[in-house]
$ cat target_27.cif   # mmCIF, N, CA and C atoms
data_coords
#
loop_
_atom_site.group_PDB
_atom_site.id
_atom_site.type_symbol
_atom_site.label_atom_id
_atom_site.label_comp_id
_atom_site.auth_asym_id
_atom_site.auth_seq_id
_atom_site.Cartn_x
_atom_site.Cartn_y
_atom_site.Cartn_z
ATOM 1 N N MET A 29 113.557 98.459 93.624
ATOM 2 C CA MET A 29 113.977 97.742 92.439
ATOM 3 C C MET A 29 115.486 97.590 92.431
ATOM 4 N N THR A 30 115.916 96.561 91.747
ATOM 5 C CA THR A 30 117.346 96.314 91.676
ATOM 6 C C THR A 30 117.808 96.302 90.231
ATOM 7 N N GLY A 31 119.102 96.383 90.052
ATOM 8 C CA GLY A 31 119.657 96.303 88.705
ATOM 9 C C GLY A 31 119.857 97.664 88.080
ATOM 10 N N GLU A 32 120.441 97.632 86.881
ATOM 11 C CA GLU A 32 120.743 98.865 86.175
ATOM 12 C C GLU A 32 119.715 99.212 85.118
ATOM 13 N N ARG A 33 118.841 98.258 84.792
ATOM 14 C CA ARG A 33 117.846 98.487 83.748
ATOM 15 C C ARG A 33 116.448 98.335 84.324
ATOM 16 N N VAL A 34 115.521 99.018 83.689
ATOM 17 C CA VAL A 34 114.109 98.903 84.057
ATOM 18 C C VAL A 34 113.320 98.720 82.768
ATOM 19 N N ALA A 35 112.492 97.693 82.727
ATOM 20 C CA ALA A 35 111.601 97.479 81.586
ATOM 21 C C ALA A 35 110.257 98.108 81.921
ATOM 22 N N VAL A 36 109.767 98.957 81.035
ATOM 23 C CA VAL A 36 108.488 99.634 81.244
ATOM 24 C C VAL A 36 107.445 98.977 80.343
ATOM 25 N N PHE A 37 106.369 98.502 80.950
ATOM 26 C CA PHE A 37 105.280 97.868 80.213
ATOM 27 C C PHE A 37 104.139 98.866 80.084
ATOM 28 N N VAL A 38 103.753 99.144 78.849
ATOM 29 C CA VAL A 38 102.676 100.096 78.566
ATOM 30 C C VAL A 38 101.550 99.330 77.888
ATOM 31 N N HIS A 39 100.381 99.386 78.467
ATOM 32 C CA HIS A 39 99.228 98.638 77.954
ATOM 33 C C HIS A 39 98.698 99.230 76.657
ATOM 34 N N GLY A 40 97.836 98.492 76.024
ATOM 35 C CA GLY A 40 97.176 98.961 74.809
ATOM 36 C C GLY A 40 95.880 99.679 75.133
ATOM 37 N N TYR A 41 95.185 100.063 74.115
ATOM 38 C CA TYR A 41 93.942 100.821 74.237
ATOM 39 C C TYR A 41 92.912 100.056 75.067
ATOM 40 N N MET A 42 92.304 100.745 76.029
ATOM 41 C CA MET A 42 91.237 100.227 76.883
ATOM 42 C C MET A 42 91.679 99.054 77.767
ATOM 43 N N ALA A 43 92.937 98.984 78.094
ATOM 44 C CA ALA A 43 93.437 97.979 79.028
ATOM 45 C C ALA A 43 94.104 98.718 80.182
ATOM 46 N N GLY A 44 94.548 98.007 81.161
ATOM 47 C CA GLY A 44 95.253 98.601 82.287
ATOM 48 C C GLY A 44 96.621 97.963 82.443
ATOM 49 N N GLY A 45 97.477 98.640 83.161
ATOM 50 C CA GLY A 45 98.834 98.134 83.353
ATOM 51 C C GLY A 45 98.889 96.763 83.995
ATOM 52 N N ALA A 46 97.876 96.427 84.790
ATOM 53 C CA ALA A 46 97.868 95.136 85.486
ATOM 54 C C ALA A 46 97.797 93.945 84.533
ATOM 55 N N VAL A 47 97.411 94.157 83.285
ATOM 56 C CA VAL A 47 97.367 93.034 82.339
ATOM 57 C C VAL A 47 98.756 92.424 82.154
ATOM 58 N N PHE A 48 99.783 93.180 82.471
ATOM 59 C CA PHE A 48 101.149 92.694 82.316
ATOM 60 C C PHE A 48 101.727 92.062 83.582
ATOM 61 N N ASP A 49 100.973 92.004 84.666
ATOM 62 C CA ASP A 49 101.526 91.491 85.923
ATOM 63 C C ASP A 49 102.179 90.114 85.787
ATOM 64 N N PRO A 50 101.538 89.134 85.132
ATOM 65 C CA PRO A 50 102.206 87.828 84.999
ATOM 66 C C PRO A 50 103.511 87.910 84.194
ATOM 67 N N LEU A 51 103.517 88.676 83.130
ATOM 68 C CA LEU A 51 104.728 88.817 82.320
ATOM 69 C C LEU A 51 105.802 89.579 83.082
ATOM 70 N N ARG A 52 105.403 90.611 83.789
ATOM 71 C CA ARG A 52 106.370 91.371 84.588
ATOM 72 C C ARG A 52 107.032 90.472 85.621
ATOM 73 N N ALA A 53 106.227 89.654 86.303
ATOM 74 C CA ALA A 53 106.774 88.744 87.316
ATOM 75 C C ALA A 53 107.782 87.780 86.692
ATOM 76 N N ARG A 54 107.469 87.280 85.525
ATOM 77 C CA ARG A 54 108.377 86.342 84.860
ATOM 78 C C ARG A 54 109.670 87.026 84.430
ATOM 79 N N VAL A 55 109.576 88.231 83.880
ATOM 80 C CA VAL A 55 110.775 88.977 83.475
ATOM 81 C C VAL A 55 111.658 89.242 84.684
ATOM 82 N N GLU A 56 111.048 89.670 85.782
ATOM 83 C CA GLU A 56 111.832 89.939 86.984
ATOM 84 C C GLU A 56 112.480 88.665 87.519
ATOM 85 N N ARG A 57 111.715 87.587 87.561
ATOM 86 C CA ARG A 57 112.203 86.318 88.115
ATOM 87 C C ARG A 57 113.284 85.689 87.232
ATOM 88 N N GLU A 58 113.036 85.607 85.936
ATOM 89 C CA GLU A 58 113.939 84.864 85.059
ATOM 90 C C GLU A 58 115.073 85.695 84.467
ATOM 91 N N LEU A 59 114.853 86.987 84.306
ATOM 92 C CA LEU A 59 115.881 87.833 83.699
ATOM 93 C C LEU A 59 116.546 88.779 84.689
ATOM 94 N N GLY A 60 115.954 88.920 85.870
ATOM 95 C CA GLY A 60 116.528 89.805 86.875
ATOM 96 C C GLY A 60 116.452 91.277 86.518
ATOM 97 N N ILE A 61 115.489 91.624 85.672
ATOM 98 C CA ILE A 61 115.313 93.021 85.268
ATOM 99 C C ILE A 61 114.131 93.600 86.029
ATOM 100 N N SER A 62 114.320 94.751 86.635
ATOM 101 C CA SER A 62 113.223 95.429 87.310
ATOM 102 C C SER A 62 112.195 95.889 86.286
ATOM 103 N N THR A 63 110.928 95.893 86.682
ATOM 104 C CA THR A 63 109.868 96.316 85.773
ATOM 105 C C THR A 63 108.912 97.275 86.468
ATOM 106 N N VAL A 64 108.259 98.077 85.680
ATOM 107 C CA VAL A 64 107.153 98.922 86.138
ATOM 108 C C VAL A 64 106.103 98.919 85.037
ATOM 109 N N ASP A 65 104.874 99.215 85.422
ATOM 110 C CA ASP A 65 103.848 99.370 84.398
ATOM 111 C C ASP A 65 103.411 100.826 84.356
ATOM 112 N N PHE A 66 102.777 101.188 83.288
ATOM 113 C CA PHE A 66 102.286 102.554 83.119
ATOM 114 C C PHE A 66 100.886 102.476 82.547
ATOM 115 N N SER A 67 99.965 103.140 83.219
ATOM 116 C CA SER A 67 98.572 103.171 82.764
ATOM 117 C C SER A 67 98.176 104.598 82.415
ATOM 118 N N TYR A 68 97.290 104.708 81.464
ATOM 119 C CA TYR A 68 96.782 106.016 81.054
ATOM 120 C C TYR A 68 95.340 105.850 80.616
ATOM 121 N N GLY A 69 94.595 106.925 80.665
ATOM 122 C CA GLY A 69 93.188 106.873 80.296
ATOM 123 C C GLY A 69 92.959 107.129 78.821
ATOM 124 N N PRO A 70 91.846 106.640 78.295
ATOM 125 C CA PRO A 70 91.561 106.809 76.870
ATOM 126 C C PRO A 70 91.240 108.248 76.477
ATOM 127 N N LEU A 71 90.926 109.079 77.458
ATOM 128 C CA LEU A 71 90.576 110.466 77.155
ATOM 129 C C LEU A 71 91.709 111.446 77.445
ATOM 130 N N ASP A 72 92.828 110.935 77.953
ATOM 131 C CA ASP A 72 93.970 111.799 78.244
ATOM 132 C C ASP A 72 94.601 112.282 76.941
ATOM 133 N N SER A 73 95.052 113.519 76.947
ATOM 134 C CA SER A 73 95.737 114.032 75.757
ATOM 135 C C SER A 73 97.110 113.374 75.633
ATOM 136 N N PHE A 74 97.616 113.335 74.420
ATOM 137 C CA PHE A 74 98.936 112.753 74.196
ATOM 138 C C PHE A 74 99.990 113.488 75.018
ATOM 139 N N ASP A 75 99.918 114.808 75.060
ATOM 140 C CA ASP A 75 100.896 115.590 75.821
ATOM 141 C C ASP A 75 100.839 115.255 77.305
ATOM 142 N N ALA A 76 99.635 115.087 77.840
ATOM 143 C CA ALA A 76 99.487 114.739 79.256
ATOM 144 C C ALA A 76 100.070 113.354 79.532
ATOM 145 N N VAL A 77 99.779 112.410 78.646
ATOM 146 C CA VAL A 77 100.318 111.054 78.809
ATOM 147 C C VAL A 77 101.838 111.080 78.731
ATOM 148 N N LEU A 78 102.371 111.803 77.778
ATOM 149 C CA LEU A 78 103.820 111.891 77.614
ATOM 150 C C LEU A 78 104.490 112.479 78.851
ATOM 151 N N THR A 79 103.920 113.527 79.404
ATOM 152 C CA THR A 79 104.475 114.155 80.602
ATOM 153 C C THR A 79 104.460 113.187 81.774
ATOM 154 N N ARG A 80 103.331 112.516 81.977
ATOM 155 C CA ARG A 80 103.223 111.533 83.061
ATOM 156 C C ARG A 80 104.169 110.356 82.844
ATOM 157 N N PHE A 81 104.260 109.885 81.591
ATOM 158 C CA PHE A 81 105.142 108.764 81.277
ATOM 159 C C PHE A 81 106.597 109.116 81.601
ATOM 160 N N ALA A 82 107.039 110.279 81.174
ATOM 161 C CA ALA A 82 108.419 110.701 81.429
ATOM 162 C C ALA A 82 108.709 110.752 82.926
ATOM 163 N N ALA A 83 107.793 111.292 83.702
ATOM 164 C CA ALA A 83 107.979 111.360 85.154
ATOM 165 C C ALA A 83 107.976 109.962 85.771
ATOM 166 N N HIS A 84 107.105 109.096 85.278
ATOM 167 C CA HIS A 84 107.006 107.721 85.786
ATOM 168 C C HIS A 84 108.304 106.954 85.529
ATOM 169 N N VAL A 85 108.838 107.082 84.330
ATOM 170 C CA VAL A 85 110.088 106.401 83.990
ATOM 171 C C VAL A 85 111.241 106.974 84.801
ATOM 172 N N GLU A 86 111.302 108.273 84.913
ATOM 173 C CA GLU A 86 112.371 108.916 85.690
ATOM 174 C C GLU A 86 112.360 108.427 87.135
ATOM 175 N N ALA A 87 111.176 108.314 87.721
ATOM 176 C CA ALA A 87 111.060 107.849 89.106
ATOM 177 C C ALA A 87 111.458 106.379 89.249
ATOM 178 N N ALA A 88 111.312 105.602 88.190
ATOM 179 C CA ALA A 88 111.604 104.169 88.247
ATOM 180 C C ALA A 88 113.076 103.841 88.019
ATOM 181 N N LEU A 89 113.833 104.775 87.473
ATOM 182 C CA LEU A 89 115.238 104.502 87.166
ATOM 183 C C LEU A 89 116.058 104.353 88.437
ATOM 184 N N PRO A 90 116.986 103.397 88.438
ATOM 185 C CA PRO A 90 117.862 103.251 89.601
ATOM 186 C C PRO A 90 118.752 104.480 89.751
ATOM 187 N N GLU A 91 119.076 104.769 90.971
ATOM 188 C CA GLU A 91 119.936 105.937 91.226
ATOM 189 C C GLU A 91 121.386 105.590 91.116
#
$ encode --input "target_27.cif" --output "structure tokens"
Amino acid sequence: MTGERVAVFVHGYMAGGAVFDPLRARVERELGISTVDFSYGPLDSFDAVLTRFAAHVEAALPE
């Protein structure tokens, strides 16, 4: 990824991160902002999702 910012797309209930692929492509193409998606299961605890989300965002940040 390039740039100083990363936009994180988080899906809604019972959807997957891939639902944002067209929007992510457009944001990257037209705004030059790197993007990542984040998916989680409907049965995951909030704490588990939060821990995974934090690690996912940290890994996506430019160095």
$ resolve_selection --input "target_27.cif" --expression "the PyMOL selection byres ((chain A and resi 57-62) around 5)" --output "MDAnalysis selection string"
chainID A and resid 33:35 53:56 63:64
$ atom_distance --input "target_27.cif" --atom1 "CA of Pro90 in chain A" --atom2 "CA of Glu32 in chain A"
6.3 Å
$ closest_residue --input "target_27.cif" --among "A:Ala82, A:Leu71, A:Ala76, A:Ala87" --to "Met42 in chain A" --atoms "only C-alpha atoms"
A:Leu71
$ resolve_selection --input "target_27.cif" --expression "the PyMOL selection byres (((chain A and resi 43-50 and name CA) around 9) and name CA)" --output "list in words"
Phe37, Val38, His39, Gly40, Tyr41, Met42, Leu51, Arg52, Ala53, Arg54, Val55, Val64, Asp65, Phe66, Ser67, Tyr68 and Gly69 of chain A
$ select_by_dssp --input "target_27.cif" --residues "chain A" --states "strand (DSSP E)" --output "PyMOL selection string"
chain A and resi 34-38+62-66
$ select_by_dssp --input "target_27.cif" --residues "chain A" --states "helix (DSSP H, G or I)" --output "MDAnalysis selection string"
chainID A and resid 45:59 74:88
$ write_last_selection --input "target_27.cif" --atoms "N, CA and C atoms" --output "PDB file, in the frame of the given file"
ATOM      1  N   GLY A  45      97.477  98.640  83.161  1.00  0.00           N
ATOM      2  CA  GLY A  45      98.834  98.134  83.353  1.00  0.00           C
ATOM      3  C   GLY A  45      98.889  96.763  83.995  1.00  0.00           C
ATOM      4  N   ALA A  46      97.876  96.427  84.790  1.00  0.00           N
ATOM      5  CA  ALA A  46      97.868  95.136  85.486  1.00  0.00           C
ATOM      6  C   ALA A  46      97.797  93.945  84.533  1.00  0.00           C
ATOM      7  N   VAL A  47      97.411  94.157  83.285  1.00  0.00           N
ATOM      8  CA  VAL A  47      97.367  93.034  82.339  1.00  0.00           C
ATOM      9  C   VAL A  47      98.756  92.424  82.154  1.00  0.00           C
ATOM     10  N   PHE A  48      99.783  93.180  82.471  1.00  0.00           N
ATOM     11  CA  PHE A  48     101.149  92.694  82.316  1.00  0.00           C
ATOM     12  C   PHE A  48     101.727  92.062  83.582  1.00  0.00           C
ATOM     13  N   ASP A  49     100.973  92.004  84.666  1.00  0.00           N
ATOM     14  CA  ASP A  49     101.526  91.491  85.923  1.00  0.00           C
ATOM     15  C   ASP A  49     102.179  90.114  85.787  1.00  0.00           C
ATOM     16  N   PRO A  50     101.538  89.134  85.132  1.00  0.00           N
ATOM     17  CA  PRO A  50     102.206  87.828  84.999  1.00  0.00           C
ATOM     18  C   PRO A  50     103.511  87.910  84.194  1.00  0.00           C
ATOM     19  N   LEU A  51     103.517  88.676  83.130  1.00  0.00           N
ATOM     20  CA  LEU A  51     104.728  88.817  82.320  1.00  0.00           C
ATOM     21  C   LEU A  51     105.802  89.579  83.082  1.00  0.00           C
ATOM     22  N   ARG A  52     105.403  90.611  83.789  1.00  0.00           N
ATOM     23  CA  ARG A  52     106.370  91.371  84.588  1.00  0.00           C
ATOM     24  C   ARG A  52     107.032  90.472  85.621  1.00  0.00           C
ATOM     25  N   ALA A  53     106.227  89.654  86.303  1.00  0.00           N
ATOM     26  CA  ALA A  53     106.774  88.744  87.316  1.00  0.00           C
ATOM     27  C   ALA A  53     107.782  87.780  86.692  1.00  0.00           C
ATOM     28  N   ARG A  54     107.469  87.280  85.525  1.00  0.00           N
ATOM     29  CA  ARG A  54     108.377  86.342  84.860  1.00  0.00           C
ATOM     30  C   ARG A  54     109.670  87.026  84.430  1.00  0.00           C
ATOM     31  N   VAL A  55     109.576  88.231  83.880  1.00  0.00           N
ATOM     32  CA  VAL A  55     110.775  88.977  83.475  1.00  0.00           C
ATOM     33  C   VAL A  55     111.658  89.242  84.684  1.00  0.00           C
ATOM     34  N   GLU A  56     111.048  89.670  85.782  1.00  0.00           N
ATOM     35  CA  GLU A  56     111.832  89.939  86.984  1.00  0.00           C
ATOM     36  C   GLU A  56     112.480  88.665  87.519  1.00  0.00           C
ATOM     37  N   ARG A  57     111.715  87.587  87.561  1.00  0.00           N
ATOM     38  CA  ARG A  57     112.203  86.318  88.115  1.00  0.00           C
ATOM     39  C   ARG A  57     113.284  85.689  87.232  1.00  0.00           C
ATOM     40  N   GLU A  58     113.036  85.607  85.936  1.00  0.00           N
ATOM     41  CA  GLU A  58     113.939  84.864  85.059  1.00  0.00           C
ATOM     42  C   GLU A  58     115.073  85.695  84.467  1.00  0.00           C
ATOM     43  N   LEU A  59     114.853  86.987  84.306  1.00  0.00           N
ATOM     44  CA  LEU A  59     115.881  87.833  83.699  1.00  0.00           C
ATOM     45  C   LEU A  59     116.546  88.779  84.689  1.00  0.00           C
ATOM     46  N   PHE A  74      97.616 113.335  74.420  1.00  0.00           N
ATOM     47  CA  PHE A  74      98.936 112.753  74.196  1.00  0.00           C
ATOM     48  C   PHE A  74      99.990 113.488  75.018  1.00  0.00           C
ATOM     49  N   ASP A  75      99.918 114.808  75.060  1.00  0.00           N
ATOM     50  CA  ASP A  75     100.896 115.590  75.821  1.00  0.00           C
ATOM     51  C   ASP A  75     100.839 115.255  77.305  1.00  0.00           C
ATOM     52  N   ALA A  76      99.635 115.087  77.840  1.00  0.00           N
ATOM     53  CA  ALA A  76      99.487 114.739  79.256  1.00  0.00           C
ATOM     54  C   ALA A  76     100.070 113.354  79.532  1.00  0.00           C
ATOM     55  N   VAL A  77      99.779 112.410  78.646  1.00  0.00           N
ATOM     56  CA  VAL A  77     100.318 111.054  78.809  1.00  0.00           C
ATOM     57  C   VAL A  77     101.838 111.080  78.731  1.00  0.00           C
ATOM     58  N   LEU A  78     102.371 111.803  77.778  1.00  0.00           N
ATOM     59  CA  LEU A  78     103.820 111.891  77.614  1.00  0.00           C
ATOM     60  C   LEU A  78     104.490 112.479  78.851  1.00  0.00           C
ATOM     61  N   THR A  79     103.920 113.527  79.404  1.00  0.00           N
ATOM     62  CA  THR A  79     104.475 114.155  80.602  1.00  0.00           C
ATOM     63  C   THR A  79     104.460 113.187  81.774  1.00  0.00           C
ATOM     64  N   ARG A  80     103.331 112.516  81.977  1.00  0.00           N
ATOM     65  CA  ARG A  80     103.223 111.533  83.061  1.00  0.00           C
ATOM     66  C   ARG A  80     104.169 110.356  82.844  1.00  0.00           C
ATOM     67  N   PHE A  81     104.260 109.885  81.591  1.00  0.00           N
ATOM     68  CA  PHE A  81     105.142 108.764  81.277  1.00  0.00           C
ATOM     69  C   PHE A  81     106.597 109.116  81.601  1.00  0.00           C
ATOM     70  N   ALA A  82     107.039 110.279  81.174  1.00  0.00           N
ATOM     71  CA  ALA A  82     108.419 110.701  81.429  1.00  0.00           C
ATOM     72  C   ALA A  82     108.709 110.752  82.926  1.00  0.00           C
ATOM     73  N   ALA A  83     107.793 111.292  83.702  1.00  0.00           N
ATOM     74  CA  ALA A  83     107.979 111.360  85.154  1.00  0.00           C
ATOM     75  C   ALA A  83     107.976 109.962  85.771  1.00  0.00           C
ATOM     76  N   HIS A  84     107.105 109.096  85.278  1.00  0.00           N
ATOM     77  CA  HIS A  84     107.006 107.721  85.786  1.00  0.00           C
ATOM     78  C   HIS A  84     108.304 106.954  85.529  1.00  0.00           C
ATOM     79  N   VAL A  85     108.838 107.082  84.330  1.00  0.00           N
ATOM     80  CA  VAL A  85     110.088 106.401  83.990  1.00  0.00           C
ATOM     81  C   VAL A  85     111.241 106.974  84.801  1.00  0.00           C
ATOM     82  N   GLU A  86     111.302 108.273  84.913  1.00  0.00           N
ATOM     83  CA  GLU A  86     112.371 108.916  85.690  1.00  0.00           C
ATOM     84  C   GLU A  86     112.360 108.427  87.135  1.00  0.00           C
ATOM     85  N   ALA A  87     111.176 108.314  87.721  1.00  0.00           N
ATOM     86  CA  ALA A  87     111.060 107.849  89.106  1.00  0.00           C
ATOM     87  C   ALA A  87     111.458 106.379  89.249  1.00  0.00           C
ATOM     88  N   ALA A  88     111.312 105.602  88.190  1.00  0.00           N
ATOM     89  CA  ALA A  88     111.604 104.169  88.247  1.00  0.00           C
ATOM     90  C   ALA A  88     113.076 103.841  88.019  1.00  0.00           C
TER      91      ALA A  88
END
$ decode --input "target_27.cif" --residues "range 57-81 of chain A" --atoms "N, CA and C atoms" --output "PDB file, in the first residue's frame"
ATOM      1  N   ARG A  57      -8.351   4.369  -6.573  1.00  0.00           N
ATOM      2  CA  ARG A  57      -8.096   4.934  -7.903  1.00  0.00           C
ATOM      3  C   ARG A  57      -8.275   6.454  -7.921  1.00  0.00           C
ATOM      4  N   GLU A  58      -9.375   6.941  -7.373  1.00  0.00           N
ATOM      5  CA  GLU A  58      -9.698   8.361  -7.507  1.00  0.00           C
ATOM      6  C   GLU A  58      -9.135   9.246  -6.400  1.00  0.00           C
ATOM      7  N   LEU A  59      -8.939   8.685  -5.221  1.00  0.00           N
ATOM      8  CA  LEU A  59      -8.446   9.489  -4.102  1.00  0.00           C
ATOM      9  C   LEU A  59      -7.009   9.169  -3.716  1.00  0.00           C
ATOM     10  N   GLY A  60      -6.486   8.059  -4.227  1.00  0.00           N
ATOM     11  CA  GLY A  60      -5.115   7.683  -3.909  1.00  0.00           C
ATOM     12  C   GLY A  60      -4.909   7.268  -2.465  1.00  0.00           C
ATOM     13  N   ILE A  61      -5.981   6.812  -1.828  1.00  0.00           N
ATOM     14  CA  ILE A  61      -5.894   6.370  -0.434  1.00  0.00           C
ATOM     15  C   ILE A  61      -5.880   4.850  -0.408  1.00  0.00           C
ATOM     16  N   SER A  62      -4.938   4.275   0.305  1.00  0.00           N
ATOM     17  CA  SER A  62      -4.899   2.829   0.466  1.00  0.00           C
ATOM     18  C   SER A  62      -6.100   2.371   1.283  1.00  0.00           C
ATOM     19  N   THR A  63      -6.596   1.176   0.984  1.00  0.00           N
ATOM     20  CA  THR A  63      -7.747   0.649   1.710  1.00  0.00           C
ATOM     21  C   THR A  63      -7.510  -0.799   2.116  1.00  0.00           C
ATOM     22  N   VAL A  64      -8.194  -1.206   3.144  1.00  0.00           N
ATOM     23  CA  VAL A  64      -8.258  -2.610   3.556  1.00  0.00           C
ATOM     24  C   VAL A  64      -9.686  -2.879   4.009  1.00  0.00           C
ATOM     25  N   ASP A  65     -10.066  -4.144   3.970  1.00  0.00           N
ATOM     26  CA  ASP A  65     -11.370  -4.490   4.524  1.00  0.00           C
ATOM     27  C   ASP A  65     -11.166  -5.341   5.768  1.00  0.00           C
ATOM     28  N   PHE A  66     -12.189  -5.432   6.555  1.00  0.00           N
ATOM     29  CA  PHE A  66     -12.140  -6.228   7.780  1.00  0.00           C
ATOM     30  C   PHE A  66     -13.434  -7.011   7.876  1.00  0.00           C
ATOM     31  N   SER A  67     -13.293  -8.313   8.041  1.00  0.00           N
ATOM     32  CA  SER A  67     -14.462  -9.187   8.176  1.00  0.00           C
ATOM     33  C   SER A  67     -14.461  -9.841   9.550  1.00  0.00           C
ATOM     34  N   TYR A  68     -15.642 -10.097  10.039  1.00  0.00           N
ATOM     35  CA  TYR A  68     -15.794 -10.764  11.332  1.00  0.00           C
ATOM     36  C   TYR A  68     -17.050 -11.614  11.282  1.00  0.00           C
ATOM     37  N   GLY A  69     -17.101 -12.614  12.125  1.00  0.00           N
ATOM     38  CA  GLY A  69     -18.247 -13.513  12.144  1.00  0.00           C
ATOM     39  C   GLY A  69     -19.345 -13.044  13.075  1.00  0.00           C
ATOM     40  N   PRO A  70     -20.572 -13.474  12.817  1.00  0.00           N
ATOM     41  CA  PRO A  70     -21.699 -13.042  13.643  1.00  0.00           C
ATOM     42  C   PRO A  70     -21.679 -13.619  15.055  1.00  0.00           C
ATOM     43  N   LEU A  71     -20.890 -14.660  15.264  1.00  0.00           N
ATOM     44  CA  LEU A  71     -20.842 -15.287  16.584  1.00  0.00           C
ATOM     45  C   LEU A  71     -19.601 -14.900  17.385  1.00  0.00           C
ATOM     46  N   ASP A  72     -18.730 -14.093  16.787  1.00  0.00           N
ATOM     47  CA  ASP A  72     -17.523 -13.657  17.487  1.00  0.00           C
ATOM     48  C   ASP A  72     -17.893 -12.683  18.602  1.00  0.00           C
ATOM     49  N   SER A  73     -17.185 -12.781  19.707  1.00  0.00           N
ATOM     50  CA  SER A  73     -17.432 -11.831  20.796  1.00  0.00           C
ATOM     51  C   SER A  73     -16.903 -10.453  20.404  1.00  0.00           C
ATOM     52  N   PHE A  74     -17.466  -9.433  21.011  1.00  0.00           N
ATOM     53  CA  PHE A  74     -17.013  -8.073  20.730  1.00  0.00           C
ATOM     54  C   PHE A  74     -15.529  -7.927  21.049  1.00  0.00           C
ATOM     55  N   ASP A  75     -15.088  -8.485  22.165  1.00  0.00           N
ATOM     56  CA  ASP A  75     -13.678  -8.384  22.548  1.00  0.00           C
ATOM     57  C   ASP A  75     -12.776  -9.054  21.521  1.00  0.00           C
ATOM     58  N   ALA A  76     -13.195 -10.206  21.010  1.00  0.00           N
ATOM     59  CA  ALA A  76     -12.401 -10.907  19.998  1.00  0.00           C
ATOM     60  C   ALA A  76     -12.324 -10.086  18.711  1.00  0.00           C
ATOM     61  N   VAL A  77     -13.456  -9.526  18.307  1.00  0.00           N
ATOM     62  CA  VAL A  77     -13.478  -8.692  17.098  1.00  0.00           C
ATOM     63  C   VAL A  77     -12.589  -7.471  17.288  1.00  0.00           C
ATOM     64  N   LEU A  78     -12.688  -6.836  18.429  1.00  0.00           N
ATOM     65  CA  LEU A  78     -11.884  -5.648  18.708  1.00  0.00           C
ATOM     66  C   LEU A  78     -10.391  -5.960  18.663  1.00  0.00           C
ATOM     67  N   THR A  79      -9.988  -7.065  19.250  1.00  0.00           N
ATOM     68  CA  THR A  79      -8.581  -7.461  19.248  1.00  0.00           C
ATOM     69  C   THR A  79      -8.092  -7.711  17.830  1.00  0.00           C
ATOM     70  N   ARG A  80      -8.874  -8.454  17.054  1.00  0.00           N
ATOM     71  CA  ARG A  80      -8.509  -8.726  15.659  1.00  0.00           C
ATOM     72  C   ARG A  80      -8.488  -7.448  14.828  1.00  0.00           C
ATOM     73  N   PHE A  81      -9.483  -6.575  15.046  1.00  0.00           N
ATOM     74  CA  PHE A  81      -9.550  -5.318  14.305  1.00  0.00           C
ATOM     75  C   PHE A  81      -8.305  -4.468  14.572  1.00  0.00           C
TER      76      PHE A  81
END
